[in-house]
Amino acid sequence: MIQYKHLTLIFFCLTSLLLCNSAKAQFGTDSLPNVVLIYTDDLGYGDLSFSGGKIPTPNIDRLFEQGLSFSQAYSTAATCTPSRYSLLTGEYAWRAKGRGVAPGNASALIKSGRQTLASIFREAGYRTAVIGKWHLGLGGEKGPDWNGVITPGPLDIGFDEAFLIPATGDRVPTVFVKDNRVLELDPNDPIAVSYGKKIGDWPTGKENPELLTTKYSHGHDQTIVNGISRIGYMTGGKAALWRDEDISDRLVEESKKFISASKDQPFFLYFSTHDIHVPRIAHERYQGKSGFGPRGDVIVQLDEAVGMLLEHLEKEGKLSNSIVIFSSDNGPVWDDGYVDQAFELIGDHDAAGGLRGGKYSAFEAGTRVPFAVFGRGIPEGKTQDAIFSQIDLLSSFASALNQKVDSKSATDSEDHHQVLFGKTDEGRDGLVQEAIRGVLSYVSADGFKYIPPSEGEAIVPWGPKIETGFTKKPQLYSLMDKKESINLSDKMPKKRDELARKLQTVIDKK
């Protein structure tokens, strides 16, 4: 006689098979495609040679030239934490407080069990992994336990595996987290972290500038690790400390291991690079290679990392059955806390691609980012001109994989998988951009942008020398004017008021 638990198992398997077959029907073949999401850091709309940049990026260019290139794709915010939060959850980060740029010891911003882009894939039968920069907090209300089990974290929101830079390279602790523990930590040398007062006796950039191999320009003057002073104080964990020069290679190697271990099961890899965030410390083999200083060198390193991933997918026989998405979390920044001659050596390289502003800004260069989709079933060499928001990846893949979206949590994600896969150019009616200080703007599908009146400095105040876009007057721009140089607010009051209402409607959405 068949026991109840066996009947339950049979029912589960049959249900999974039906869901899988339905998802396969969406993709049009007998097998689900692997999906690799390459999410870079601080890469501008014009940083690729494909888009006119002067630094060669042949491997990334391949994704744009042989895939679907988006001319108007957006991250949701002009800074990293809120962009990453929205990408994974399908909810605008500004809907709740505490989702700005997270300190290195922040507690988990995405709560255990919440539906995410990763859980959508896992429910569809995929193996899932996040490898690289996290910067979404870890641990409970008191933050992560660096010397024990770190939970909640990625494993609690849909990822099967995790290999993390906990926050950013310029924040302590400068250690890797594998799944839910600090990698290679000596229990006799416990880690302590503080973002308030100094702890321990490790030297700092402010007190010991003679020990620095990379000088800081503003902020970034606290604990020194590997000759670089960081944001925050730490002590302990010496055996676990990374060497900045090796970060890119390590993330690629971990990604290759995950890909190789995925045999008959489809996989979703969220490859979140550290490049080209500060501190811009390329491996020795790339230093000086670009001719544009450290910022250019890490762009070359990023391109090589993408090339190595593509090569490994091909070697494993998986490239032809994979979809690769490439994008960035926000726009470009030059002096972001370290003296690396990003301004002085930029030459005629236009990182913003002719757009106004940059990271932190309400202007277009803050959130309009490179975006390409490449691989199985994707049109080759086509440009997608529909506006597309990264927040829609969750609902779009849910639709393609026949998964149900939790509309109570993914409140802002829309299904635009036909746009994502190049089947149509009819997409969103509009989208919201978030700059620093919580300033929200609205971009409409008919090519206009509204920035509401706001208080605040015209230039980012702590050193990056980037226009914020803040003014006490309402602003309306035609996006055919890439420099957003002519404010049409007074000349087109009906359009201004229309977009102001649309922005308020999104803000008021429950």
# chains A, B, ... in the order shown; residues from 1 in each chain; ligands from 1
>>> residues_around(residues="Ile231 in chain A", least_positions_apart="4", cutoff="6 Å", atoms="only C-alpha atoms", output="list in words")
Arg171, His220 and Gln222 of chain A
>>> write_last_selection(atoms="C-alpha atoms", output="PDB file, in the first residue's frame")
ATOM      1  CA  ARG A 171      33.692  49.192   3.501  1.00  0.00           C
ATOM      2  CA  HIS A 220      37.454  56.528   3.374  1.00  0.00           C
ATOM      3  CA  GLN A 222      39.296  54.700   8.630  1.00  0.00           C
TER       4      GLN A 222
END
>>> closest_residue(among="A:Ser255, A:Ser229, A:Ser322, A:Thr116", to="Tyr85 in chain A", atoms="only C-alpha atoms")
A:Thr116
>>> select_by_dssp(residues="range 163-261 of chain A", states="alpha helix (DSSP H)", output="JSON, numbers by chain")
{"A": [247, 248, 249, 250, 251, 252, 253, 254, 255, 256, 257, 258, 259, 260, 261]}
>>> residues_around(residues="Ala239 in chain A", least_positions_apart="4", cutoff="8 Å", atoms="only C-alpha atoms", output="NGL selection string")
:A and (184-186)
>>> residues_around(residues="Ser107 in chain A", least_positions_apart="6", cutoff="7 Å", atoms="only C-alpha atoms", output="ChimeraX atom specification")
/A:137-144
>>> write_last_selection(atoms="C-alpha atoms", output="compact mmCIF listing (two decimals), in the first residue's frame")
# COMPACT_ATOMS: atom_id res chain seq x y z
CA GLY A 137 22.66 43.81 4.64
CA LEU A 138 23.04 40.50 6.45
CA GLY A 139 21.80 39.06 9.71
CA GLY A 140 19.02 39.95 12.12
CA GLU A 141 18.11 43.22 13.81
CA LYS A 142 21.56 43.54 15.41
CA GLY A 143 23.32 42.92 12.11
CA PRO A 144 25.59 40.05 11.07
>>> residues_around(residues="range 482-492 of chain A", least_positions_apart="2", cutoff="10 Å", atoms="only C-alpha atoms", output="ChimeraX atom specification")
/A:353-357,363-365,448-451,469,473-480,494-497
>>> write_last_selection(atoms="C-alpha atoms", output="CSV table (one decimal), in the first residue's frame")
chain,number,residue,atom,x,y,z
A,353,GLY,CA,27.7,58.8,-23.1
A,354,GLY,CA,26.6,62.4,-23.6
A,355,LEU,CA,24.1,62.3,-20.7
A,356,ARG,CA,23.9,64.8,-17.9
A,357,GLY,CA,24.8,64.0,-14.3
A,363,PHE,CA,19.6,63.6,-14.3
A,364,GLU,CA,19.7,60.8,-16.8
A,365,ALA,CA,23.3,59.6,-16.3
A,448,PHE,CA,9.8,63.3,-21.4
A,449,LYS,CA,11.1,63.5,-17.9
A,450,TYR,CA,9.8,65.4,-14.9
A,451,ILE,CA,11.9,66.3,-11.8
A,469,GLY,CA,19.6,68.0,-10.6
A,473,LYS,CA,11.6,74.9,-9.5
A,474,PRO,CA,9.9,72.0,-11.4
A,475,GLN,CA,11.9,70.7,-14.4
A,476,LEU,CA,10.6,69.1,-17.5
A,477,TYR,CA,12.9,67.8,-20.2
A,478,SER,CA,12.6,66.2,-23.6
A,479,LEU,CA,14.9,63.2,-23.6
A,480,MET,CA,15.8,63.9,-27.2
A,494,LYS,CA,0.1,70.5,-19.3
A,495,LYS,CA,2.8,67.9,-19.9
A,496,ARG,CA,4.6,68.9,-16.7
A,497,ASP,CA,1.4,68.5,-14.6
>>> closest_residue(among="A:Ser51, A:Ser327, A:Asn226, A:Thr151", to="Asp170 in chain A", atoms="only C-alpha atoms")
A:Asn226
>>> closest_residue(among="A:Arg243, A:Arg181, A:His349, A:Lys510", to="Gly148 in chain A", atoms="only C-alpha atoms")
A:Arg181
>>> select_by_dssp(residues="range 74-164 of chain A", states="strand (DSSP E)", output="MDAnalysis selection string")
chainID A and resid 74 127:133 161:164
>>> closest_residue(among="A:Glu91, A:Thr57, A:Pro203, A:Lys133", to="Val432 in chain A", atoms="only C-alpha atoms")
A:Glu91
>>> closest_residue(among="A:Ile507, A:Leu164, A:Val172, A:Ala124", to="Gln403 in chain A", atoms="only C-alpha atoms")
A:Ala124
>>> residues_around(residues="Trp462 in chain A", least_positions_apart="2", cutoff="8 Å", atoms="only C-alpha atoms", output="PyMOL selection string")
chain A and resi 218+460+464
>>> write_last_selection(atoms="N, CA and C atoms", output="mmCIF file, in the first residue's frame")
data_model
loop_
_atom_site.group_PDB
_atom_site.id
_atom_site.type_symbol
_atom_site.label_atom_id
_atom_site.label_comp_id
_atom_site.auth_asym_id
_atom_site.auth_seq_id
_atom_site.Cartn_x
_atom_site.Cartn_y
_atom_site.Cartn_z
ATOM 1 N N HIS A 218 38.282 61.893 -0.011
ATOM 2 C CA HIS A 218 37.266 62.343 0.935
ATOM 3 C C HIS A 218 36.644 61.112 1.576
ATOM 4 N N VAL A 460 26.752 67.330 -5.801
ATOM 5 C CA VAL A 460 26.901 66.348 -4.728
ATOM 6 C C VAL A 460 27.915 66.887 -3.721
ATOM 7 N N PRO A 464 32.254 64.170 -5.154
ATOM 8 C CA PRO A 464 32.295 63.601 -6.503
ATOM 9 C C PRO A 464 32.173 64.610 -7.661
#
>>> atom_distance(atom1="CA of Gln66 in chain A", atom2="CA of Leu310 in chain A")
13.0 Å
>>> closest_residue(among="A:Glu161, A:Asp275, A:Asp156, A:Asp244", to="Val225 in chain A", atoms="only C-alpha atoms")
A:Asp244
>>> residues_around(residues="Ile247 in chain A", least_positions_apart="6", cutoff="12 Å", atoms="only C-alpha atoms", output="count of residues only")
30
>>> atom_distance(atom1="CA of Met308 in chain A", atom2="CA of Asp392 in chain A")
27.8 Å
>>> atom_distance(atom1="CA of Glu314 in chain A", atom2="CA of Asn34 in chain A")
12.4 Å
